[in-house]
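Here is the structure we will look at, set down as structure tokens.
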Amino acid sequence: MVRTSARGRAETAEAATPEAVTEAFVQQLGHDPVGVWAAPGRVNLIGEHTDYNDGFVMPFALAEQVVVAAAPREDGRWGVRSLNRRQTVTFGPQDLVPGRVEGWAAYVAGVVWALAEAGHTVQGADLVLTSDVPVGAGLSSSAALECAVLTALVDLSGLEVAPLDRARIARRCENAYVGAPTGLLDQAASTLCEADNALFLDCRSADHRQVPLDLSSVGLELLVLDTKTPHSHVTSEYGDRRRTCDEAAKILGVAALRDVSLDDLDDALSRLPDDVMRRRVRHVVTEDARVLEAVEVADDGRLADLAPLLDASHTSMRDDFEITVPTVDLAVETARAAGAHGARMTGGGFGGCIIALVPVGSADEVGRAVAAAFDEAGYGAPAWFLGVPSAGARRLV
């Protein structure tokens with residue numbers, strides 16, 4: 001598989017396929033898996049840092065995914081092999097304590113722990129997994145891992161867990177076991193999305209629906225460009241912004257910033273004690289409004305009108321929420337200059353990916369322009385591919 005270009009140039013990566021994990025499972029364990037499951041990474045089309053403010057988001061699932069082959073084992077333990085990291089980790093019930101299993105395997109142990117915390121009895125299992133979701137790029141590789149493992153274990157254990165509850169359990173894994181203070185966006189997208197659609201999610205009520213996103217019908221495609229600037233949600237910067245939002249909501253006397261309307265924004269800002277908090281609140285309130293407008297635009301089939309919303313979102317993230325970095329800003333500016341109708345950073349910030357709404361067939365041209373700008377600026381080479389709205393977590397075999 002070629003990962004950098006919409007048409008196949010540059011960085012080579014192994015495809016995450018059922019065949020790859022099945023072959024590896026047989027080689028390692030000497031018997032066939034009972035099934036193969038997958039869950040995708042995601043792009044957040046719009047709605048950044050609104051999820052933990054009880055607001056609105058609009059992600060879609062990518063074709064890039066984590067694929068897991070699995071079979072039950074009888075000793076009540078779990079063994080997991082990562083083909084990407086070439087590591088195997090085994091853990092038992094005594095290890096299902098936050099902090100006991102670390103690194104990438106914490107996302108697996110955390111799923112078992114979160115299922116048990118939710119009252120489910122989880123069958124011991126052997127799992128072999130691989131992923132072609134870029135890590136550290138803001139595309140929710142961790143949620144893809146959680147949701148793929150959860151989907152496999154739910155089936156192996158014969159559990160009845162509704163799709164939205166699966167997303168919540170996976171989120172609890174990330175929040176309480178791994179220690180990343182994320183909202184529900186990532187796990188909901190990896191679980192609930194359908195092909196050819198984005199997902200509109202109300203993060204307070206958890207009401208959700210599919211929103212048609214057939215970009216090619218209007219002559220557009222979505223470039224996803226990884227700036228190769230790693231980021232992590234387990235950072236002080238992410239936590240600081242969340243704490244600031246929570247403090248602002250308390251000062252304003254609302255349950256969450258979602259309760260501040262655009263009409264009330266100026267009054268709300270006047271009641272806050274400092275400029276940093278005012279800018280953080282302005283981003284969240286205006287971003288919620290942009291998500292609602294994006295849903296209306298998509299429902300009407302006016303997908304070209306997403307472009308100014310992407311641009312405004314990036315400006316807000318750069319100036320008000322202050323979560324972009326120089327590589328991300330250069331990528332967005334260059335993509336626009338190279339013909340993108342609109343572009344923004346996607347994900348939690350401080351690195352990762354941008355998305356750009358471009359004419360069909362022009363993704364490579366725009367990607368090459370960004371690569372040239374990065375080279376001139378002394379940055380490392382970016383990678384890019386087309387973001388294709390795809391299906392959520394599911395059994396493949």
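Convention: chains lettered A, B, ... in structure tokens order; per-chain residue numbering from 1; ligands numbered from 1 as shown.
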Just list as a count of residues only whatever in range 24-211 of chain A DSSP marks as alpha helix (DSSP H). 52
With only C-alpha atoms counted and 12 Å as the cut-off, give the residues of range 44-130 of chain A in contact with range 307-311 of chain A, each with its shortest interatomic distance in Å and the pair that gives it, as a Markdown table.
```
| residue | atom | partner | partner_atom | distance |
| --- | --- | --- | --- | --- |
| A:Asn44 | CA | A:Leu310 | CA | 10.9 |
| A:Leu45 | CA | A:Leu310 | CA | 8.1 |
| A:Ile46 | CA | A:Leu310 | CA | 7.0 |
| A:Gly47 | CA | A:Leu310 | CA | 9.7 |
| A:Glu48 | CA | A:Leu310 | CA | 11.0 |
| A:Met58 | CA | A:Leu310 | CA | 12.0 |
```
Would you compute the distance between CA of Gly348 in chain A and CA of Tyr238 in chain A? Give it in Å to one decimal. 7.6 Å
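The interatomic distance for the pair CA of Ala71 in chain A and CA of Leu127 in chain A works out to 6.8 Å.
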Please run DSSP on the backbone and report, as a VMD selection string, all residues within range 243-368 of chain A that come out as strand (DSSP E or B). chain A and resid 342 to 346 353 to 359
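What separates CA of Leu396 in chain A from CA of Ala298 in chain A is a distance of 29.6 Å.
Across A:Thr130, A:Thr151, A:Thr334, A:Ser157, the tightest approach to Arg73 in chain A is made by A:Ser157 when counting only C-alpha atoms.
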Spatial neighbours of Pro134 in chain A, 10 Å, only C-alpha atoms, chain gap at least 5 places, as a list in words: Arg3, Ala13, Gly41, Glu64, Gln65, Leu139, Ser140, Ser141, Asp226, Lys228, Gly352, Cys353 and Ala383 of chain A
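Among the candidate residues A:Ala39, A:Val254, A:Val218, A:Leu272, the one lying nearest to Leu306 in chain A is A:Val218, with distances computed using only C-alpha atoms.
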Hey, what's within 12 Å of Ala61 in chain A if we count only C-alpha atoms and toss same-chain stuff fewer than 4 positions away? As a ChimeraX atom specification, please? /A:38-45,65-66,133,139-141,143-144,185-199,210,213,387-393
Closest to Glu146 in chain A among A:Gly367, A:Gly380, A:Pro33, A:Gly110, using only C-alpha atoms? A:Gly110
Which residues, written as a PDB file with N, CA and C atoms, in the first residue's frame, have at least one atom at most 10 Å from Val97 in chain A, with only C-alpha atoms counted and residues fewer than 2 positions away on the same chain left out?
```
ATOM      1  N   PRO A  93      -6.241 -11.005  34.593  1.00  0.00           N
ATOM      2  CA  PRO A  93      -7.182 -10.206  35.374  1.00  0.00           C
ATOM      3  C   PRO A  93      -6.501  -9.323  36.418  1.00  0.00           C
ATOM      4  N   GLN A  94      -5.392  -9.771  36.979  1.00  0.00           N
ATOM      5  CA  GLN A  94      -4.705  -8.987  37.992  1.00  0.00           C
ATOM      6  C   GLN A  94      -4.086  -7.714  37.415  1.00  0.00           C
ATOM      7  N   ASP A  95      -3.934  -7.665  36.097  1.00  0.00           N
ATOM      8  CA  ASP A  95      -3.341  -6.495  35.446  1.00  0.00           C
ATOM      9  C   ASP A  95      -4.381  -5.464  35.026  1.00  0.00           C
ATOM     10  N   GLY A  99      -2.802   1.840  34.851  1.00  0.00           N
ATOM     11  CA  GLY A  99      -1.386   2.029  35.096  1.00  0.00           C
ATOM     12  C   GLY A  99      -0.578   0.752  35.093  1.00  0.00           C
ATOM     13  N   ARG A 100      -1.226  -0.407  35.175  1.00  0.00           N
ATOM     14  CA  ARG A 100      -0.498  -1.677  35.237  1.00  0.00           C
ATOM     15  C   ARG A 100       0.066  -2.063  33.864  1.00  0.00           C
ATOM     16  N   VAL A 101      -0.725  -1.924  32.819  1.00  0.00           N
ATOM     17  CA  VAL A 101      -0.254  -2.176  31.454  1.00  0.00           C
ATOM     18  C   VAL A 101      -0.015  -0.818  30.790  1.00  0.00           C
ATOM     19  N   ALA A 109      -5.693  -3.569  27.089  1.00  0.00           N
ATOM     20  CA  ALA A 109      -6.063  -3.911  28.467  1.00  0.00           C
ATOM     21  C   ALA A 109      -7.171  -2.994  28.970  1.00  0.00           C
ATOM     22  N   GLY A 110      -7.123  -1.729  28.565  1.00  0.00           N
ATOM     23  CA  GLY A 110      -8.140  -0.781  28.998  1.00  0.00           C
ATOM     24  C   GLY A 110      -9.522  -1.125  28.483  1.00  0.00           C
ATOM     25  N   TRP A 113     -10.744  -3.913  30.716  1.00  0.00           N
ATOM     26  CA  TRP A 113     -11.084  -3.295  32.006  1.00  0.00           C
ATOM     27  C   TRP A 113     -12.409  -2.538  31.929  1.00  0.00           C
ATOM     28  N   ALA A 176     -10.080   6.759  31.545  1.00  0.00           N
ATOM     29  CA  ALA A 176      -9.797   6.296  32.899  1.00  0.00           C
ATOM     30  C   ALA A 176      -8.635   5.309  32.975  1.00  0.00           C
ATOM     31  N   TYR A 177      -8.410   4.522  31.925  1.00  0.00           N
ATOM     32  CA  TYR A 177      -7.313   3.552  31.975  1.00  0.00           C
ATOM     33  C   TYR A 177      -6.034   4.135  31.384  1.00  0.00           C
TER      34      TYR A 177
END
```
Taking 4 positions as the minimum chain separation for residues in the same chain, which residues sit within 8 Å of Tyr379 in chain A when counting only C-alpha atoms? Answer as a list of chain:residue names. A:Thr327, A:Phe374, A:Asp375
Closest atom pairs, residues of range 19-97 of chain A within 9 Å of range 153-156 of chain A, only C-alpha atoms, as a tab-separated table:
```
residue	atom	partner	partner_atom	distance
A:Val34	CA	A:Leu156	CA	8.4
A:Gly35	CA	A:Leu156	CA	8.7
A:Ala70	CA	A:Leu156	CA	8.1
A:Ala71	CA	A:Leu156	CA	7.2
A:Pro72	CA	A:Leu156	CA	6.7
```
Output the selection as a compact mmCIF listing (two decimals), in the first residue's frame - all heavy atoms for each residue.
```txt
# COMPACT_ATOMS: atom_id res chain seq x y z
N VAL A 34 -10.89 -17.26 14.93
CA VAL A 34 -12.31 -17.52 14.67
C VAL A 34 -12.96 -16.38 13.90
O VAL A 34 -14.08 -16.53 13.40
CB VAL A 34 -13.09 -17.75 15.98
CG1 VAL A 34 -12.51 -18.92 16.75
CG2 VAL A 34 -13.12 -16.51 16.85
N GLY A 35 -12.25 -15.26 13.78
CA GLY A 35 -12.81 -14.15 13.03
C GLY A 35 -11.81 -13.01 12.91
O GLY A 35 -10.74 -13.03 13.53
N ALA A 70 -8.70 -12.75 15.96
CA ALA A 70 -8.81 -13.17 17.36
C ALA A 70 -9.44 -14.54 17.49
O ALA A 70 -10.18 -14.99 16.62
CB ALA A 70 -9.63 -12.14 18.14
N ALA A 71 -9.13 -15.17 18.61
CA ALA A 71 -9.73 -16.45 18.99
C ALA A 71 -9.72 -16.53 20.51
O ALA A 71 -8.84 -15.97 21.16
CB ALA A 71 -8.96 -17.63 18.39
N PRO A 72 -10.67 -17.24 21.09
CA PRO A 72 -10.69 -17.37 22.56
C PRO A 72 -9.56 -18.24 23.06
O PRO A 72 -9.04 -19.10 22.35
CB PRO A 72 -12.05 -18.02 22.82
CG PRO A 72 -12.42 -18.71 21.56
CD PRO A 72 -11.82 -17.90 20.45
```
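Here the question is which of A:Arg368, A:Arg271, A:Arg302, A:Arg258 gets nearest to Ala289 in chain A using only C-alpha atoms, and that residue is A:Arg258.
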Which polymer residues have any atom within 10 Å of an atom of range 242-248 of chain A, counting only C-alpha atoms, with same-chain residues fewer than 5 positions away left out, as a PyMOL selection string? chain A and resi 49-50+52-53+181-182+236-237+253-257+268-269+271-273+276-278+280-281+284
Could you write out that same residue set with C-alpha atoms as a PDB file, in the first residue's frame?
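So selection-v4.pdb came out as:
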```pdb
ATOM      1  CA  HIS A  49     -12.752  20.859  21.099  1.00  0.00           C
ATOM      2  CA  THR A  50     -16.532  21.079  21.179  1.00  0.00           C
ATOM      3  CA  TYR A  52     -16.099  17.852  25.920  1.00  0.00           C
ATOM      4  CA  ASN A  53     -18.054  21.118  26.019  1.00  0.00           C
ATOM      5  CA  PRO A 181      -9.100  13.418  28.716  1.00  0.00           C
ATOM      6  CA  THR A 182     -10.886  13.065  25.369  1.00  0.00           C
ATOM      7  CA  SER A 236      -0.741  19.581  29.591  1.00  0.00           C
ATOM      8  CA  GLU A 237      -1.834  21.799  26.682  1.00  0.00           C
ATOM      9  CA  GLY A 253     -23.406  29.745  35.297  1.00  0.00           C
ATOM     10  CA  VAL A 254     -24.016  27.208  32.533  1.00  0.00           C
ATOM     11  CA  ALA A 255     -23.610  23.442  32.517  1.00  0.00           C
ATOM     12  CA  ALA A 256     -21.233  23.642  29.545  1.00  0.00           C
ATOM     13  CA  LEU A 257     -20.145  26.151  26.912  1.00  0.00           C
ATOM     14  CA  ALA A 268     -20.746  36.173  28.018  1.00  0.00           C
ATOM     15  CA  LEU A 269     -17.294  37.353  26.975  1.00  0.00           C
ATOM     16  CA  ARG A 271     -18.219  38.547  32.124  1.00  0.00           C
ATOM     17  CA  LEU A 272     -14.995  36.578  31.841  1.00  0.00           C
ATOM     18  CA  PRO A 273     -11.886  37.672  33.756  1.00  0.00           C
ATOM     19  CA  VAL A 276      -7.197  34.002  27.183  1.00  0.00           C
ATOM     20  CA  MET A 277     -10.435  32.633  28.621  1.00  0.00           C
ATOM     21  CA  ARG A 278     -12.480  34.912  26.372  1.00  0.00           C
ATOM     22  CA  ARG A 280     -11.132  29.992  24.328  1.00  0.00           C
ATOM     23  CA  VAL A 281     -14.863  30.507  24.843  1.00  0.00           C
ATOM     24  CA  VAL A 284     -16.033  26.868  21.243  1.00  0.00           C
TER      25      VAL A 284
END
```
